[in-house]
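Below: one structure, written as structure tokens.
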2 protein chains.
Amino acid sequence: MRYEKPTRVGTQNRKSMKIIKSLLSVFLLVGGIGGYVLPRQTTMKTTAYRNLLPVPSSVTFKSGRLTVGADFSAATNGFSDQRLLSAIQRASRRIELRTGLEFKRATVDAATATLVVECKTAGKAIPALDEDESYSLDVTDKQASLKANTVVGAIRGLETFLQLIEGDQNGYFIPSVNIQDKPRFAWRGLLIDSCRHFQPVEVIKRELDGMAAVKMNVLHWHLTEDQGFRVEVRKYPKLHEMGSDGLYYTQEQIREVVAYATERGIRVVPEFDMPGHATSWLVGYPELGSGPGPYQIIRKWGIFDAALDPTRDEVYKFIDGFLGEMAALFPDAYMHIGGDESNGKQWKENPRIQAFMKEKNIKDTEALQAYFTAKVQTIVAKHKKRMIGWDEIYSPEMPKNIVIHSWRGPESLAKAATNGYAGILSSGYYLDHMRPAAQHYAVDPIPANSTLTEQQKELILGGEACMWSEYISPETIDSRIWPRLGAIAERLWSPSTITDVDDMYRRTTALGIQLEVFGLTNETNMDRLMRNLAGSTDIGSLKTLVELVEPLQGYNRGKAHPSTQMTPLTRLVDAAKPESATGRSFAKAVDEFLMDAPNFRAHREEMSKNLGLWRDVNLSLEPTFDRSPVLTEVRPLAKDLSQISQAALEAISHLSSSNSVTPEWRDATLAMLAEAIKHDQAAVGLSIIPSVKQLVIAAAELDQLKTSTPAEWSKRVKTLATEKPKNGRR
Amino acid sequence: MRYEKPTRVGTQNRKSMKIIKSLLSVFLLVGGIGGYVLPRQTTMKTTAYRNLLPVPSSVTFKSGRLTVGADFSAATNGFSDQRLLSAIQRASRRIELRTGLEFKRATVDAATATLVVECKTAGKAIPALDEDESYSLDVTDKQASLKANTVVGAIRGLETFLQLIEGDQNGYFIPSVNIQDKPRFAWRGLLIDSCRHFQPVEVIKRELDGMAAVKMNVLHWHLTEDQGFRVEVRKYPKLHEMGSDGLYYTQEQIREVVAYATERGIRVVPEFDMPGHATSWLVGYPELGSGPGPYQIIRKWGIFDAALDPTRDEVYKFIDGFLGEMAALFPDAYMHIGGDESNGKQWKENPRIQAFMKEKNIKDTEALQAYFTAKVQTIVAKHKKRMIGWDEIYSPEMPKNIVIHSWRGPESLAKAATNGYAGILSSGYYLDHMRPAAQHYAVDPIPANSTLTEQQKELILGGEACMWSEYISPETIDSRIWPRLGAIAERLWSPSTITDVDDMYRRTTALGIQLEVFGLTNETNMDRLMRNLAGSTDIGSLKTLVELVEPLQGYNRGKAHPSTQMTPLTRLVDAAKPESATGRSFAKAVDEFLMDAPNFRAHREEMSKNLGLWRDVNLSLEPTFDRSPVLTEVRPLAKDLSQISQAALEAISHLSSSNSVTPEWRDATLAMLAEAIKHDQAAVGLSIIPSVKQLVIAAAELDQLKTSTPAEWSKRVKTLATEKPKNGRR
């Protein structure tokens, strides 16, 4: 199923588009055709994959189009069931909401329907790892024909169908196309941490909608943590009653979410983290713990000492009762038992546990955890589930049917595979680290240089993005997950050769807009947070600033600003998106401007205009700062932006007029930039700093241009600008 | 409780502010103080009621301020219960979310707490019409003291407390103030129609949050209609099973909503509309109907023929069983039985019913409805509820304890009061009519010219805003209700003398921002709809256009664009707010510009700049129009805007240069404006047309300025511009 060969369509299309582009240039030069309509339309057509995300295994666009008008209709041909009909109805409704068209809802047969869905079987009643998700979609100017072996395959194809809809002056349509598609990896998941900050059912549902849109198929639901126990347990009610502040999912709600996911062909794998990360269990049942107790729900972030006691039979009996109830509640074949970051402190400090280890000849706390994990595995197996857990559950004694979930990296996964264990990758897919989508996009569960055998590669099942929730609220979670998750979804579904970063950004941007139509809030809530910060609906200047910043990466936010479960997540950093699109396009403009040496004309006007605007944001925000003390932390940032923009303008002016700068100006400016990077009060950084540094160094290196080509020179400038970064942020 | 005397504070404050203003002018003239900081601060202080909405009965601001910092704390003094503690906790959390501060959550006593809440009793366990909602709030620089007789009173006071928080360069604070407050009317409601478009529980909850913020106390929940039966009925399950498309509230959800409302001191009055508006009942139980059946859920809008059969005992037995179950589910003392718009058609066409009328000597279908209503009233009374219903339930034979709900107007209410019946007003408060807040604000349940005696006035209990849902979805409902409901809430709570429209708009705008922090979506979802329309995150020009339009008023949208329950509510009209703030401020600028005759300098630059922008929107939207056929209906509108803006620019230019226009120009331009008004395809109108007409007429009347004062002249221009409007829109 994996290592799908790359489609040739992309290359072919790109070639023919080059020809069209050249023709266009001629038209534009002679002024034969109105200046702006044609290039725009062409741009749309030159993108080989249009808005498809993830890119299918094989795509061939053809000439012609299928009109999508008020007479649109859909029908099944052959097999049909409620899940398939609901999926078709959902898809139709989405087209209506997007196009504003109202369809007739008349019953049509397969011969006359706009879209015919031909599905061979229902497939598995409960979405499973070995489900056949393949489909084909053939669109002509008469009809769209979607074929699949299973309903889940058809559901994947319907999402592709939706992504193909476009509009132009003649109305909405779908381009003629032939698509053959199936996933590269069978396990394509998103972990949602409902513990550190509780996420209501409606949030989970809308993430499921988003996941379905990009063909992801596993919701890994992190349900227990030091900071909260989030599922109703009838056998041991003190778990959710005392461990959750009343914020937990009832079993009815769990069933509702599972049903919702099943409708979309998504598995729900619950995680019950043990033996560590378990403080919230012990609030109600301190007797399960390894320390003296009593325990309270943890409000801070980090790794804590509380751990289940691995030496006592009562603990395993409890786990048996608990996991038994959960096994009945969650129909998926897998059960995640966590297993990560148990620090062994309570075990080392408990004389009884120490005596037990001595008696059983268990050499250290890692070995004790292996002992615990093995016992839990038998319990999980008894309840007819396969166990999955984080890296730490791996030991050579474990049965081969467990799955290793790697937060450590592809190497640990490869090592497990070498020993015959299946695994999935999450290292490199941590959405809470606020890294650019491009970085996640480059992480492959089976890297190109992998030395695994084909058989071993079969054991790499896929991967999961992780949305840990120390710093996310129901209001911000969508903007943290989306649209970056689209890049990971593509890495896990599409052929490994699909790696064009610019095109990925173009398509994830389109995804972001589509998702909002489905009810996600990835764009909407950002403005809402800004209105709260500004105390006004007039957020123009604040938005300009916010769009230039990015939250600190990795764990630096916590370092800059220690916080707790109670800290309001309504600061500027929460309104900022993980990636600054403005910063990205500025970086691109600077690259092209420097490549245009010695003329320095490319993007000059546009960059100067923007920089002028950014320089003045500080001033125009003064009244807002004055009435919103919550923005006090942002004042130095706005001041920095002003200075940085001014420096960039000066550098551009020097370059454009071929006037060298003084060494004093260079040193002072670089020092200013280095200082600006250090401003972490607001837990954000200015995305344009690296590009401005490039401009400053370019101005200082102007003389070198005489002895090298523009390409060599601009490359050298870029190297100098990225050398020994003085902060660890990027 | 009613006809509270006007507070004098407003006037006093305004006077002292005048003095400060004059001082300031002196400062500014001599340039002694930095030019822009002081005026801004002063503006904030001159607004006598700051952000208080509704304005309390009595307010006295004093010098000094209470700091709101991270050490903020709240405590009760004396009586306390769970509802009060929850309300205090909610209020504290809102302060945290707004200010970004994290409070310490230490237990404090009344002596040291920042806010002390002293509440005498719990009050009624279930919010009731005769609940004491009064409170007093005294804020000094040491402490805020909130006193109330009941928890509901304290809840009202907490909302006032929240509205008083401000920020400046020194941080967040509450100005020292003394407030004595109680409502003018006891019944201050919002009707939500969950039938025509179903509104999920989370929508109802967020509206309850909004209602609590403006001290409203009745959710009138319209639960049954021709288009949907929205409540689970265990005794007669085919009601919700067959009458709702699966979109109904379970009894558990109803209890959840009632509990949520009770926590906020809000009554929930359910409406079960009968004998008309009842098609959805008959889908499952056709035997209750007066026609032959079978029945289907209605998908269109309007008045339909289906009606319960008033002649058969089985029907009353059914109503008894149904209302009995509902009486247990909804704890409020009142039950609304609708009764409106039963057209009698099925009754006239049914020979058996005609025979029954003859036999009982019932002269017409109105009398037959009175017969029906009287029987239903005894059932309602049997279940220990007081009956409320629309105007039509009134007949002189009814017992005096029923309440008349007037959609016909204050006169019908006054008539009922004259006959000894209590009533509430909804005529003039229909939010779905898309009228300006100022229009609702001017409607008083007891108009100033009322001839009722004091005793009769006591029977006017208050009013209810109505949010009928033909054209609202869960996505747009907030922007249709808010912030306009704030104006109605104030009319029903505040002294009748609080009538400053500009200040109302200033305060409802502030309310709109606050509500979003509580989770409402009145601003957020508008942009989301625009991104869907534009298929892009770049919605600048589209937003400029949307902010200039207003949905057609009254029932004109349906006339322009007949639609059904399935019609997607994602068009431009859905993204447009009921009122254009831009249009309102442009109208004001035009008024002041004309008053500034013959110089015509006031606002000239700003108006010209805006008009230039509006003129070019058409052009900049071309690419968006091209790729979004859903906006095809908007093209003519953008073209109109361009022409209209151009005409306004020409008029301004003529006025500024004292050049008369030709009669030809005047006639052609007025004709163009009249045509523009007729463009209804998009179901919106351009808000600036009346003001532009004023400018055009002013340019044509320039000569008249020689013989009259600027005030006389501009008044005359305005009169001419509003004479015999050629459309019925405003």
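Chain labels run A, B, ... following the order of the structure tokens; each chain numbers its residues from 1, and ligands are numbered from 1 in the order shown.
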Open item on the list: Set the cut-off to 6 Å and count only C-alpha atoms: what are the residues of chain A that reach chain B? Output as a ChimeraX atom specification.
Closed with: /A:97,99-100,102,167-169,171,524,567-568,570,626-630
Dump N, CA and C atoms for the selected residues as a PDB file, in the first residue's frame?
```
ATOM      1  N   LEU A  97     -23.938  25.181   0.725  1.00  0.00           N
ATOM      2  CA  LEU A  97     -23.486  26.272   1.595  1.00  0.00           C
ATOM      3  C   LEU A  97     -22.389  27.087   0.925  1.00  0.00           C
ATOM      4  N   THR A  99     -21.863  27.367  -2.475  1.00  0.00           N
ATOM      5  CA  THR A  99     -22.257  28.005  -3.736  1.00  0.00           C
ATOM      6  C   THR A  99     -23.501  28.873  -3.599  1.00  0.00           C
ATOM      7  N   GLY A 100     -24.227  28.700  -2.479  1.00  0.00           N
ATOM      8  CA  GLY A 100     -25.480  29.427  -2.333  1.00  0.00           C
ATOM      9  C   GLY A 100     -26.599  28.849  -3.185  1.00  0.00           C
ATOM     10  N   GLU A 102     -29.560  26.195  -4.198  1.00  0.00           N
ATOM     11  CA  GLU A 102     -30.457  25.287  -3.491  1.00  0.00           C
ATOM     12  C   GLU A 102     -30.820  24.153  -4.439  1.00  0.00           C
ATOM     13  N   GLY A 167     -15.163  27.977  -9.286  1.00  0.00           N
ATOM     14  CA  GLY A 167     -16.124  28.888  -9.900  1.00  0.00           C
ATOM     15  C   GLY A 167     -15.433  29.792 -10.892  1.00  0.00           C
ATOM     16  N   ASP A 168     -16.132  30.186 -11.909  1.00  0.00           N
ATOM     17  CA  ASP A 168     -15.634  31.253 -12.785  1.00  0.00           C
ATOM     18  C   ASP A 168     -16.837  32.037 -13.312  1.00  0.00           C
ATOM     19  N   GLN A 169     -16.619  32.865 -14.316  1.00  0.00           N
ATOM     20  CA  GLN A 169     -17.708  33.730 -14.768  1.00  0.00           C
ATOM     21  C   GLN A 169     -18.913  32.955 -15.275  1.00  0.00           C
ATOM     22  N   GLY A 171     -20.027  30.154 -13.823  1.00  0.00           N
ATOM     23  CA  GLY A 171     -20.674  29.412 -12.749  1.00  0.00           C
ATOM     24  C   GLY A 171     -19.741  28.419 -12.088  1.00  0.00           C
ATOM     25  N   THR A 524     -11.740  32.598  12.240  1.00  0.00           N
ATOM     26  CA  THR A 524     -12.679  33.474  12.956  1.00  0.00           C
ATOM     27  C   THR A 524     -12.222  33.870  14.349  1.00  0.00           C
ATOM     28  N   THR A 567      -4.434  30.090  33.708  1.00  0.00           N
ATOM     29  CA  THR A 567      -3.968  31.278  32.986  1.00  0.00           C
ATOM     30  C   THR A 567      -4.879  31.552  31.786  1.00  0.00           C
ATOM     31  N   PRO A 568      -5.412  32.769  31.685  1.00  0.00           N
ATOM     32  CA  PRO A 568      -6.271  33.073  30.531  1.00  0.00           C
ATOM     33  C   PRO A 568      -5.469  32.976  29.230  1.00  0.00           C
ATOM     34  N   THR A 570      -5.861  34.392  26.413  1.00  0.00           N
ATOM     35  CA  THR A 570      -6.455  35.463  25.606  1.00  0.00           C
ATOM     36  C   THR A 570      -5.441  36.573  25.358  1.00  0.00           C
ATOM     37  N   ASP A 626      -2.968  52.288  25.332  1.00  0.00           N
ATOM     38  CA  ASP A 626      -3.354  53.083  26.494  1.00  0.00           C
ATOM     39  C   ASP A 626      -4.597  52.549  27.187  1.00  0.00           C
ATOM     40  N   ARG A 627      -5.553  52.028  26.408  1.00  0.00           N
ATOM     41  CA  ARG A 627      -6.776  51.589  27.074  1.00  0.00           C
ATOM     42  C   ARG A 627      -6.777  50.084  27.359  1.00  0.00           C
ATOM     43  N   SER A 628      -5.763  49.366  26.883  1.00  0.00           N
ATOM     44  CA  SER A 628      -5.726  47.910  27.068  1.00  0.00           C
ATOM     45  C   SER A 628      -4.438  47.473  27.756  1.00  0.00           C
ATOM     46  N   PRO A 629      -4.425  47.531  29.080  1.00  0.00           N
ATOM     47  CA  PRO A 629      -3.206  47.112  29.794  1.00  0.00           C
ATOM     48  C   PRO A 629      -2.767  45.690  29.457  1.00  0.00           C
ATOM     49  N   VAL A 630      -3.691  44.847  28.986  1.00  0.00           N
ATOM     50  CA  VAL A 630      -3.310  43.483  28.607  1.00  0.00           C
ATOM     51  C   VAL A 630      -2.276  43.513  27.484  1.00  0.00           C
TER      52      VAL A 630
END
```
Task: Contacts of Lys238 (chain A) at 9 Å (only C-alpha atoms; same-chain gap of 2+ positions) as a VMD selection string - done: chain A and resid 233 to 234 236 240 to 243 281 283 to 285
- [ ] Kindly give the distance, in Å, that separates CA of Glu490 (chain A) and CA of Val151 (chain A), rounded to a single decimal.
- [x] 21.1 Å
Within 12 Å of Ile88 (chain A), counting only C-alpha atoms, which residues qualify if same-chain residues fewer than 6 places away don't, as an mmCIF file with N, CA, C and O atoms, in the first residue's frame?
```cif
data_model
loop_
_atom_site.group_PDB
_atom_site.id
_atom_site.type_symbol
_atom_site.label_atom_id
_atom_site.label_comp_id
_atom_site.auth_asym_id
_atom_site.auth_seq_id
_atom_site.Cartn_x
_atom_site.Cartn_y
_atom_site.Cartn_z
ATOM 1 N N SER A 73 -27.462 16.746 -8.704
ATOM 2 C CA SER A 73 -28.089 15.631 -8.002
ATOM 3 C C SER A 73 -27.062 14.539 -7.805
ATOM 4 O O SER A 73 -26.046 14.491 -8.497
ATOM 5 N N ALA A 74 -27.297 13.679 -6.845
ATOM 6 C CA ALA A 74 -26.386 12.570 -6.578
ATOM 7 C C ALA A 74 -27.199 11.309 -6.385
ATOM 8 O O ALA A 74 -28.332 11.348 -5.900
ATOM 9 N N ALA A 75 -26.633 10.183 -6.813
ATOM 10 C CA ALA A 75 -27.331 8.908 -6.661
ATOM 11 C C ALA A 75 -26.319 7.809 -6.416
ATOM 12 O O ALA A 75 -25.154 7.930 -6.799
ATOM 13 N N THR A 76 -26.761 6.746 -5.763
ATOM 14 C CA THR A 76 -25.899 5.572 -5.638
ATOM 15 C C THR A 76 -26.279 4.591 -6.740
ATOM 16 O O THR A 76 -27.393 4.614 -7.242
ATOM 17 N N SER A 80 -25.819 0.326 -1.234
ATOM 18 C CA SER A 80 -26.056 1.597 -0.538
ATOM 19 C C SER A 80 -26.403 1.292 0.921
ATOM 20 O O SER A 80 -27.019 0.280 1.218
ATOM 21 N N ASP A 81 -25.966 2.165 1.816
ATOM 22 C CA ASP A 81 -26.413 2.041 3.205
ATOM 23 C C ASP A 81 -26.528 3.430 3.820
ATOM 24 O O ASP A 81 -26.237 4.440 3.168
ATOM 25 N N GLN A 82 -26.974 3.449 5.077
ATOM 26 C CA GLN A 82 -27.258 4.740 5.698
ATOM 27 C C GLN A 82 -26.024 5.624 5.781
ATOM 28 O O GLN A 82 -26.091 6.824 5.555
ATOM 29 N N ARG A 94 -22.794 20.724 1.767
ATOM 30 C CA ARG A 94 -21.609 21.593 1.756
ATOM 31 C C ARG A 94 -21.495 22.351 0.441
ATOM 32 O O ARG A 94 -21.066 23.495 0.410
ATOM 33 N N ILE A 95 -21.858 21.670 -0.631
ATOM 34 C CA ILE A 95 -21.820 22.380 -1.920
ATOM 35 C C ILE A 95 -22.846 23.518 -1.892
ATOM 36 O O ILE A 95 -22.568 24.636 -2.322
ATOM 37 N N LEU A 115 -23.711 13.217 -9.952
ATOM 38 C CA LEU A 115 -22.681 12.405 -9.292
ATOM 39 C C LEU A 115 -23.247 11.016 -9.000
ATOM 40 O O LEU A 115 -24.296 10.896 -8.361
ATOM 41 N N VAL A 116 -22.573 10.001 -9.494
ATOM 42 C CA VAL A 116 -22.983 8.623 -9.207
ATOM 43 C C VAL A 116 -21.941 7.966 -8.324
ATOM 44 O O VAL A 116 -20.751 8.008 -8.634
ATOM 45 N N VAL A 117 -22.394 7.385 -7.231
ATOM 46 C CA VAL A 117 -21.472 6.716 -6.325
ATOM 47 C C VAL A 117 -21.727 5.212 -6.398
ATOM 48 O O VAL A 117 -22.821 4.745 -6.091
ATOM 49 N N GLU A 118 -20.695 4.511 -6.810
ATOM 50 C CA GLU A 118 -20.815 3.067 -6.961
ATOM 51 C C GLU A 118 -19.894 2.421 -5.942
ATOM 52 O O GLU A 118 -18.669 2.510 -6.039
ATOM 53 N N LEU A 146 -17.931 8.079 -9.049
ATOM 54 C CA LEU A 146 -17.061 7.752 -7.927
ATOM 55 C C LEU A 146 -17.223 6.272 -7.621
ATOM 56 O O LEU A 146 -18.336 5.800 -7.396
ATOM 57 N N VAL A 151 -17.542 1.758 1.799
ATOM 58 C CA VAL A 151 -18.150 3.068 2.055
ATOM 59 C C VAL A 151 -17.088 4.077 2.481
ATOM 60 O O VAL A 151 -17.125 5.244 2.084
ATOM 61 N N VAL A 152 -16.113 3.620 3.258
ATOM 62 C CA VAL A 152 -15.055 4.547 3.677
ATOM 63 C C VAL A 152 -14.289 5.061 2.450
ATOM 64 O O VAL A 152 -13.968 6.253 2.358
ATOM 65 N N ALA A 154 -15.531 5.457 -0.468
ATOM 66 C CA ALA A 154 -16.427 6.436 -1.098
ATOM 67 C C ALA A 154 -16.393 7.760 -0.342
ATOM 68 O O ALA A 154 -16.400 8.839 -0.945
ATOM 69 N N ILE A 155 -16.329 7.677 1.001
ATOM 70 C CA ILE A 155 -16.278 8.898 1.819
ATOM 71 C C ILE A 155 -15.004 9.696 1.495
ATOM 72 O O ILE A 155 -15.036 10.919 1.357
ATOM 73 N N ARG A 156 -13.889 8.983 1.340
ATOM 74 C CA ARG A 156 -12.646 9.682 0.963
ATOM 75 C C ARG A 156 -12.820 10.354 -0.412
ATOM 76 O O ARG A 156 -12.390 11.477 -0.629
ATOM 77 N N GLY A 157 -13.451 9.651 -1.321
ATOM 78 C CA GLY A 157 -13.630 10.182 -2.673
ATOM 79 C C GLY A 157 -14.548 11.392 -2.709
ATOM 80 O O GLY A 157 -14.351 12.320 -3.498
ATOM 81 N N LEU A 158 -15.556 11.380 -1.824
ATOM 82 C CA LEU A 158 -16.466 12.533 -1.774
ATOM 83 C C LEU A 158 -15.714 13.800 -1.359
ATOM 84 O O LEU A 158 -15.984 14.893 -1.858
ATOM 85 N N GLU A 159 -14.766 13.658 -0.443
ATOM 86 C CA GLU A 159 -13.978 14.830 -0.039
ATOM 87 C C GLU A 159 -13.156 15.350 -1.216
ATOM 88 O O GLU A 159 -13.019 16.557 -1.407
ATOM 89 N N PHE A 161 -13.992 15.040 -4.315
ATOM 90 C CA PHE A 161 -14.985 15.675 -5.182
ATOM 91 C C PHE A 161 -15.238 17.116 -4.741
ATOM 92 O O PHE A 161 -15.228 18.049 -5.557
ATOM 93 N N LEU A 162 -15.445 17.302 -3.437
ATOM 94 C CA LEU A 162 -15.707 18.654 -2.916
ATOM 95 C C LEU A 162 -14.541 19.597 -3.196
ATOM 96 O O LEU A 162 -14.743 20.773 -3.517
ATOM 97 N N GLU A 263 -19.134 7.568 11.225
ATOM 98 C CA GLU A 263 -19.818 8.102 10.044
ATOM 99 C C GLU A 263 -18.823 8.654 9.031
ATOM 100 O O GLU A 263 -19.098 8.704 7.838
ATOM 101 N N ARG A 264 -17.697 9.108 9.524
ATOM 102 C CA ARG A 264 -16.682 9.723 8.661
ATOM 103 C C ARG A 264 -15.497 8.796 8.392
ATOM 104 O O ARG A 264 -14.464 9.236 7.879
#
```
Residues at most 9 Å from Asn350 (chain B), counting only C-alpha atoms, excluding those fewer than 6 positions away in the same chain, as a compact mmCIF listing (two decimals) with N, CA and C atoms, in the first residue's frame?
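File part38.txt, as written:
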```txt
# COMPACT_ATOMS: atom_id res chain seq x y z
N SER B 290 -57.77 19.02 11.38
CA SER B 290 -59.11 19.35 10.90
C SER B 290 -59.29 19.04 9.42
N GLY B 291 -58.18 18.74 8.74
CA GLY B 291 -58.26 18.41 7.32
C GLY B 291 -58.11 16.91 7.11
N PRO B 292 -58.13 16.49 5.86
CA PRO B 292 -58.08 15.06 5.58
C PRO B 292 -56.69 14.42 5.78
```
- [ ] Taking the chain letters and numbering used in this document, name the residues of region 411-567 of chain A that DSSP puts in strand (DSSP E), as a PyMOL selection string.
- [x] chain A and resi 422-425+460-467+549-551
Produce a file of the selected residues containing N, CA and C atoms, as a PDB file, in the first residue's frame.
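Written file, result_15.pdb:
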```
ATOM      1  N   ALA A 422       5.459  -3.255  15.178  1.00  0.00           N
ATOM      2  CA  ALA A 422       4.830  -2.197  14.393  1.00  0.00           C
ATOM      3  C   ALA A 422       4.926  -0.872  15.150  1.00  0.00           C
ATOM      4  N   GLY A 423       4.866   0.230  14.398  1.00  0.00           N
ATOM      5  CA  GLY A 423       4.975   1.517  15.069  1.00  0.00           C
ATOM      6  C   GLY A 423       4.350   2.652  14.269  1.00  0.00           C
ATOM      7  N   ILE A 424       4.096   3.747  14.964  1.00  0.00           N
ATOM      8  CA  ILE A 424       3.650   4.977  14.299  1.00  0.00           C
ATOM      9  C   ILE A 424       4.494   6.128  14.821  1.00  0.00           C
ATOM     10  N   LEU A 425       4.613   7.159  13.997  1.00  0.00           N
ATOM     11  CA  LEU A 425       5.500   8.273  14.315  1.00  0.00           C
ATOM     12  C   LEU A 425       4.740   9.521  14.772  1.00  0.00           C
ATOM     13  N   ILE A 460       5.929   0.010   9.698  1.00  0.00           N
ATOM     14  CA  ILE A 460       5.717   1.447   9.968  1.00  0.00           C
ATOM     15  C   ILE A 460       4.309   1.773   9.472  1.00  0.00           C
ATOM     16  N   LEU A 461       3.371   1.851  10.410  1.00  0.00           N
ATOM     17  CA  LEU A 461       1.958   1.947  10.037  1.00  0.00           C
ATOM     18  C   LEU A 461       1.547   3.345   9.595  1.00  0.00           C
ATOM     19  N   GLY A 462       2.268   4.352  10.079  1.00  0.00           N
ATOM     20  CA  GLY A 462       1.897   5.721   9.730  1.00  0.00           C
ATOM     21  C   GLY A 462       2.337   6.693  10.802  1.00  0.00           C
ATOM     22  N   GLY A 463       1.482   7.645  11.104  1.00  0.00           N
ATOM     23  CA  GLY A 463       1.863   8.648  12.084  1.00  0.00           C
ATOM     24  C   GLY A 463       0.673   9.380  12.665  1.00  0.00           C
ATOM     25  N   GLU A 464       0.970  10.191  13.652  1.00  0.00           N
ATOM     26  CA  GLU A 464      -0.072  10.984  14.302  1.00  0.00           C
ATOM     27  C   GLU A 464       0.469  12.366  14.636  1.00  0.00           C
ATOM     28  N   ALA A 465      -0.283  13.372  14.276  1.00  0.00           N
ATOM     29  CA  ALA A 465       0.025  14.724  14.756  1.00  0.00           C
ATOM     30  C   ALA A 465      -0.467  14.820  16.196  1.00  0.00           C
ATOM     31  N   CYS A 466       0.247  15.597  17.009  1.00  0.00           N
ATOM     32  CA  CYS A 466      -0.146  15.722  18.420  1.00  0.00           C
ATOM     33  C   CYS A 466      -0.540  17.146  18.766  1.00  0.00           C
ATOM     34  N   MET A 467      -1.731  17.283  19.317  1.00  0.00           N
ATOM     35  CA  MET A 467      -2.175  18.602  19.769  1.00  0.00           C
ATOM     36  C   MET A 467      -2.252  18.589  21.288  1.00  0.00           C
ATOM     37  N   VAL A 549       3.812  38.364  13.782  1.00  0.00           N
ATOM     38  CA  VAL A 549       4.485  37.643  14.869  1.00  0.00           C
ATOM     39  C   VAL A 549       4.142  36.159  14.839  1.00  0.00           C
ATOM     40  N   GLU A 550       4.969  35.400  15.515  1.00  0.00           N
ATOM     41  CA  GLU A 550       4.727  33.961  15.672  1.00  0.00           C
ATOM     42  C   GLU A 550       4.978  33.594  17.130  1.00  0.00           C
ATOM     43  N   PRO A 551       4.171  32.700  17.686  1.00  0.00           N
ATOM     44  CA  PRO A 551       4.418  32.256  19.059  1.00  0.00           C
ATOM     45  C   PRO A 551       5.814  31.641  19.156  1.00  0.00           C
TER      46      PRO A 551
END
```
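Considering only C-alpha atoms, the residue among A:Ala374, A:Met672, A:Ala587, A:Leu219 positioned nearest to Pro127 (chain A) is A:Leu219.
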Open item on the list: Using only C-alpha atoms, which protein or nucleic acid residues come within 10 Å of Pro56 (chain A)? Drop anything in the same chain fewer than 2 positions from it, and give the result as a PyMOL selection string.
Closed with: chain A and resi 4+6-7+49+52-54+58-59+135-136+157+160+179-184+490+493-495+498
Task: Exercise: region 660-666 of chain B partners within 8 Å, only C-alpha atoms, chain neighbours under 4 positions left out, as an MDAnalysis selection string - done: chainID B and resid 654:655 670 696:697 699:700 702:703
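If only C-alpha atoms are the atoms counted, then among B:Lys384, B:Lys718, B:Arg615, B:His405 the closest residue to Gly189 (chain B) is B:His405.
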TODO: Find the spatial neighbours of Gly64 (chain B), counting only C-alpha atoms, within a cut-off of 10 Å - ignore same-chain residues fewer than 5 positions away - and output them as a list in words.
DONE: Val139, Thr140, Asp141, Lys142, Phe173, Ile174, Pro175, Ser176 and Val177 of chain B
Open item on the list: Can you tell me, as a VMD selection string, which residues in region 342-507 of chain B count as helix (DSSP H, G or I) by DSSP?
Closed with: chain B and resid 345 to 349 351 to 360 365 to 382 391 to 393 410 to 418 431 to 433 437 to 441 454 to 457 477 to 481 484 to 493 501 to 507
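Counting from CA of Ser691 (chain B), the distance to CA of Gln643 (chain B) is 14.2 Å.
Compared by their closest atoms to Thr669 (chain A), and using only C-alpha atoms, the residues A:Gln377, A:Ala647, A:Ala328, A:Thr544 rank with A:Ala647 nearest.
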